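Student: Got a structure for you, written out below as structure tokens; questions coming shortly.
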Amino acid sequence: MAKSPNDEWHPNNAELWGALTTIEHGFDPDVALRVARYFFQRLEDDLNFNERAFSRYIWHALGLIVAGHSANAAFGFSRKRKRPVAHDIDRQMALAASVILCMKNAPESVTGRWEHAIGETANLFFKDGTGDRAIAAAYARYKKVFSHFNFTDDELQEIVDAAMTTVK
């Protein structure tokens, strides 16, 4: 890895601990990259560094990885995504069920069944009609569940209706 003058960072202890706090409790990919480069360069060049800070950095990242976060999120390069809670999973399944129903029940004249289904579901679940990406993600996540168990239209509608009682 070629070094450039911009890669060098020589923090004092307060700066290093401040950067680690940012990684643990905030989100700043520039700080995360600076810390990763700092430790990598120190290790690569066999130079001294704050071993307690390094241990804290690795312990924090490994803890997040074990908890199911990506390595990028664990080391602070991307945002940590929270795992959905039970009611979010129910809602996501209802979004997927609605897309399936809308695609199955779209009029023959509709050429873009996918777009139609996403739009109809967005209008049903989101007050301002947005949410296309959330709907597409929910469908991608749960479509196999619905196809594997061959839900009937009535069963799919029950799932959608149950979620609608909690939405409004």
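Numbering starts fresh at 1 for the residues of each chain in the structure tokens, the chains themselves are lettered A, B, ... in the order given, and ligands are numbered from 1 as they appear.
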Run DSSP on the backbone of this structure and report the residues of chain A it assigns to helix (DSSP H, G or I), as JSON, numbers by chain.

Tutor: {"A": [5, 6, 7, 13, 14, 15, 16, 17, 18, 19, 20, 21, 22, 23, 24, 25, 29, 30, 31, 32, 33, 34, 35, 36, 37, 38, 39, 40, 41, 42, 43, 44, 51, 52, 53, 54, 55, 56, 57, 58, 59, 60, 61, 62, 63, 64, 65, 66, 71, 72, 73, 74, 86, 87, 88, 89, 90, 91, 92, 93, 94, 95, 96, 97, 98, 99, 100, 101, 102, 103, 104, 113, 114, 115, 116, 117, 118, 119, 120, 121, 122, 123, 124, 125, 132, 133, 134, 135, 136, 137, 138, 139, 140, 141, 142, 143, 144, 145, 146, 147, 148, 149, 153, 154, 155, 156, 157, 158, 159, 160, 161, 162, 163, 164, 165, 166, 167]}

Student: List every residue of stretch 57-165 of chain A that has an atom at most 9 Å from any atom of stretch 4-27 of chain A, and for each one report the closest atom pair and its distance in Å to one decimal, counting only C-alpha atoms, with rows sorted by chain and then by increasing residue number, as a tab-separated table.

Tutor:
```
residue	atom	partner	partner_atom	distance
A:Tyr57	CA	A:Leu20	CA	6.7
A:His60	CA	A:Glu24	CA	7.2
A:Ala61	CA	A:Glu24	CA	8.7
A:Ala74	CA	A:Ile23	CA	8.5
A:Phe75	CA	A:Ile23	CA	7.1
A:Gly76	CA	A:Ile23	CA	5.3
A:Phe77	CA	A:Phe27	CA	8.0
A:Ser78	CA	A:Phe27	CA	7.6
A:Arg79	CA	A:Phe27	CA	6.5
A:Lys80	CA	A:Phe27	CA	8.7
```

Student: Per residue of stretch 13-120 of chain A within 6 Å of stretch 134-155 of chain A, record the nearest atom pair and its distance in Å to one decimal, counting only C-alpha atoms, with rows in chain order and ascending residue number, as CSV.

Tutor:
```
residue,atom,partner,partner_atom,distance
A:Gln92,CA,A:Ala138,CA,5.0
A:Leu95,CA,A:Ile135,CA,5.9
A:Ala96,CA,A:Tyr139,CA,4.2
```

Student: Write out, as a PDB file, in the first residue's frame, the residues just selected, with all heavy atoms.

Tutor:
```
ATOM      1  N   GLN A  92     -43.098  -5.858   7.438  1.00  0.00           N
ATOM      2  CA  GLN A  92     -42.369  -6.202   6.222  1.00  0.00           C
ATOM      3  C   GLN A  92     -43.022  -7.380   5.505  1.00  0.00           C
ATOM      4  O   GLN A  92     -43.120  -7.385   4.274  1.00  0.00           O
ATOM      5  CB  GLN A  92     -40.905  -6.510   6.545  1.00  0.00           C
ATOM      6  CG  GLN A  92     -40.115  -5.284   6.934  1.00  0.00           C
ATOM      7  CD  GLN A  92     -38.698  -5.619   7.339  1.00  0.00           C
ATOM      8  OE1 GLN A  92     -38.239  -6.751   7.230  1.00  0.00           O
ATOM      9  NE2 GLN A  92     -37.981  -4.612   7.816  1.00  0.00           N
ATOM     10  N   LEU A  95     -46.027  -6.039   3.766  1.00  0.00           N
ATOM     11  CA  LEU A  95     -45.656  -5.332   2.543  1.00  0.00           C
ATOM     12  C   LEU A  95     -45.425  -6.330   1.411  1.00  0.00           C
ATOM     13  O   LEU A  95     -45.915  -6.137   0.287  1.00  0.00           O
ATOM     14  CB  LEU A  95     -44.393  -4.489   2.761  1.00  0.00           C
ATOM     15  CG  LEU A  95     -44.501  -3.275   3.678  1.00  0.00           C
ATOM     16  CD1 LEU A  95     -43.125  -2.681   3.935  1.00  0.00           C
ATOM     17  CD2 LEU A  95     -45.441  -2.238   3.101  1.00  0.00           C
ATOM     18  N   ALA A  96     -44.691  -7.393   1.707  1.00  0.00           N
ATOM     19  CA  ALA A  96     -44.425  -8.413   0.692  1.00  0.00           C
ATOM     20  C   ALA A  96     -45.720  -9.088   0.248  1.00  0.00           C
ATOM     21  O   ALA A  96     -45.935  -9.316  -0.948  1.00  0.00           O
ATOM     22  CB  ALA A  96     -43.434  -9.449   1.237  1.00  0.00           C
TER      23      ALA A  96
END
```

Student: With only C-alpha atoms as the atoms that count, which of A:Ala117, A:Arg37, A:Val110, A:Asp90 lies nearest to A:Ala163?

Tutor: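 So, comparing all the options, the nearest one is A:Asp90.
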
Student: Could you pull the residues within 10 Å of A:Phe125, counting only C-alpha atoms, minus those fewer than 6 positions along the same chain, as a tab-separated table (two decimals) with all heavy atoms, in the first residue's frame?

Tutor:
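Okay, around-v4.tsv is ready:
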```tsv
chain	number	residue	atom	x	y	z
A	91	ARG	N	-44.76	-6.13	9.69
A	91	ARG	CA	-45.06	-5.11	8.68
A	91	ARG	C	-44.35	-5.43	7.38
A	91	ARG	O	-44.94	-5.31	6.30
A	91	ARG	CB	-44.67	-3.74	9.20
A	91	ARG	CG	-44.97	-2.63	8.20
A	91	ARG	CD	-44.58	-1.28	8.80
A	91	ARG	NE	-44.50	-0.25	7.80
A	91	ARG	CZ	-45.50	0.55	7.50
A	91	ARG	NH1	-46.66	0.44	8.09
A	91	ARG	NH2	-45.36	1.49	6.57
A	94	ALA	N	-46.15	-8.08	5.66
A	94	ALA	CA	-47.39	-7.56	5.09
A	94	ALA	C	-47.11	-6.78	3.80
A	94	ALA	O	-47.89	-6.87	2.84
A	94	ALA	CB	-48.11	-6.67	6.11
A	95	LEU	N	-46.03	-6.04	3.77
A	95	LEU	CA	-45.66	-5.33	2.54
A	95	LEU	C	-45.42	-6.33	1.41
A	95	LEU	O	-45.92	-6.14	0.29
A	95	LEU	CB	-44.39	-4.49	2.76
A	95	LEU	CG	-44.50	-3.28	3.68
A	95	LEU	CD1	-43.12	-2.68	3.93
A	95	LEU	CD2	-45.44	-2.24	3.10
A	98	SER	N	-48.69	-7.83	0.25
A	98	SER	CA	-49.45	-6.87	-0.55
A	98	SER	C	-48.91	-6.81	-1.97
A	98	SER	O	-49.68	-6.76	-2.94
A	98	SER	CB	-49.40	-5.49	0.10
A	98	SER	OG	-50.07	-4.55	-0.69
A	131	GLY	N	-41.93	5.13	-0.02
A	131	GLY	CA	-41.62	3.84	0.58
A	131	GLY	C	-41.32	2.75	-0.43
A	131	GLY	O	-41.26	1.58	-0.07
A	135	ILE	N	-40.49	-1.20	0.41
A	135	ILE	CA	-41.40	-2.25	-0.09
A	135	ILE	C	-40.61	-3.27	-0.92
A	135	ILE	O	-40.78	-4.48	-0.74
A	135	ILE	CB	-42.54	-1.62	-0.92
A	135	ILE	CG1	-43.42	-0.75	-0.01
A	135	ILE	CG2	-43.35	-2.69	-1.63
A	135	ILE	CD1	-44.34	0.18	-0.75
A	160	VAL	N	-52.18	-8.73	5.22
A	160	VAL	CA	-52.21	-7.29	4.91
A	160	VAL	C	-53.17	-6.57	5.84
A	160	VAL	O	-52.84	-5.53	6.43
A	160	VAL	CB	-52.58	-7.07	3.43
A	160	VAL	CG1	-52.79	-5.58	3.15
A	160	VAL	CG2	-51.50	-7.64	2.52
A	163	ALA	N	-51.90	-6.08	9.39
A	163	ALA	CA	-50.90	-5.01	9.48
A	163	ALA	C	-51.57	-3.64	9.36
A	163	ALA	O	-51.11	-2.67	9.97
A	163	ALA	CB	-49.84	-5.18	8.41
A	164	MET	N	-52.62	-3.55	8.57
A	164	MET	CA	-53.29	-2.27	8.37
A	164	MET	C	-53.96	-1.76	9.65
A	164	MET	O	-54.06	-0.57	9.87
A	164	MET	CB	-54.32	-2.35	7.25
A	164	MET	CG	-53.70	-2.54	5.87
A	164	MET	SD	-52.44	-1.30	5.47
A	164	MET	CE	-53.37	0.20	5.55
A	167	VAL	N	-51.29	0.14	11.37
A	167	VAL	CA	-50.70	1.27	10.65
A	167	VAL	C	-51.47	2.55	10.93
A	167	VAL	O	-50.90	3.59	11.17
A	167	VAL	CB	-50.67	0.99	9.12
A	167	VAL	CG1	-50.30	2.23	8.35
A	167	VAL	CG2	-49.71	-0.13	8.84
A	168	LYS	N	-52.78	2.50	10.90
A	168	LYS	CA	-53.58	3.72	10.99
A	168	LYS	C	-54.11	4.00	12.34
A	168	LYS	O	-53.90	3.62	13.33
A	168	LYS	CB	-54.73	3.65	10.01
A	168	LYS	CG	-54.20	3.60	8.60
A	168	LYS	CD	-55.32	3.59	7.60
A	168	LYS	CE	-54.71	3.54	6.21
A	168	LYS	NZ	-55.66	3.59	5.16
```

Student: Take atom CA of A:Lys104 and atom CA of A:Asn123 and report the distance between them in Å, one decimal.

Tutor: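 Calculated distance between atom CA of A:Lys104 and atom CA of A:Asn123 is 17.2 Å.
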
Student: Go ahead and compute the interatomic distance for atom CA of A:Met103 and atom CA of A:Gln157, in Å to one decimal.

Tutor: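 Atom CA of A:Met103 sits 13.0 Å away from atom CA of A:Gln157.
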
Student: My list of candidates is A:Arg56, A:Leu124, A:Ile65, A:Ala73. Which is closest to A:Asp28 when distances are computed with only C-alpha atoms?

Tutor: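 Nearest to A:Asp28: A:Ala73.
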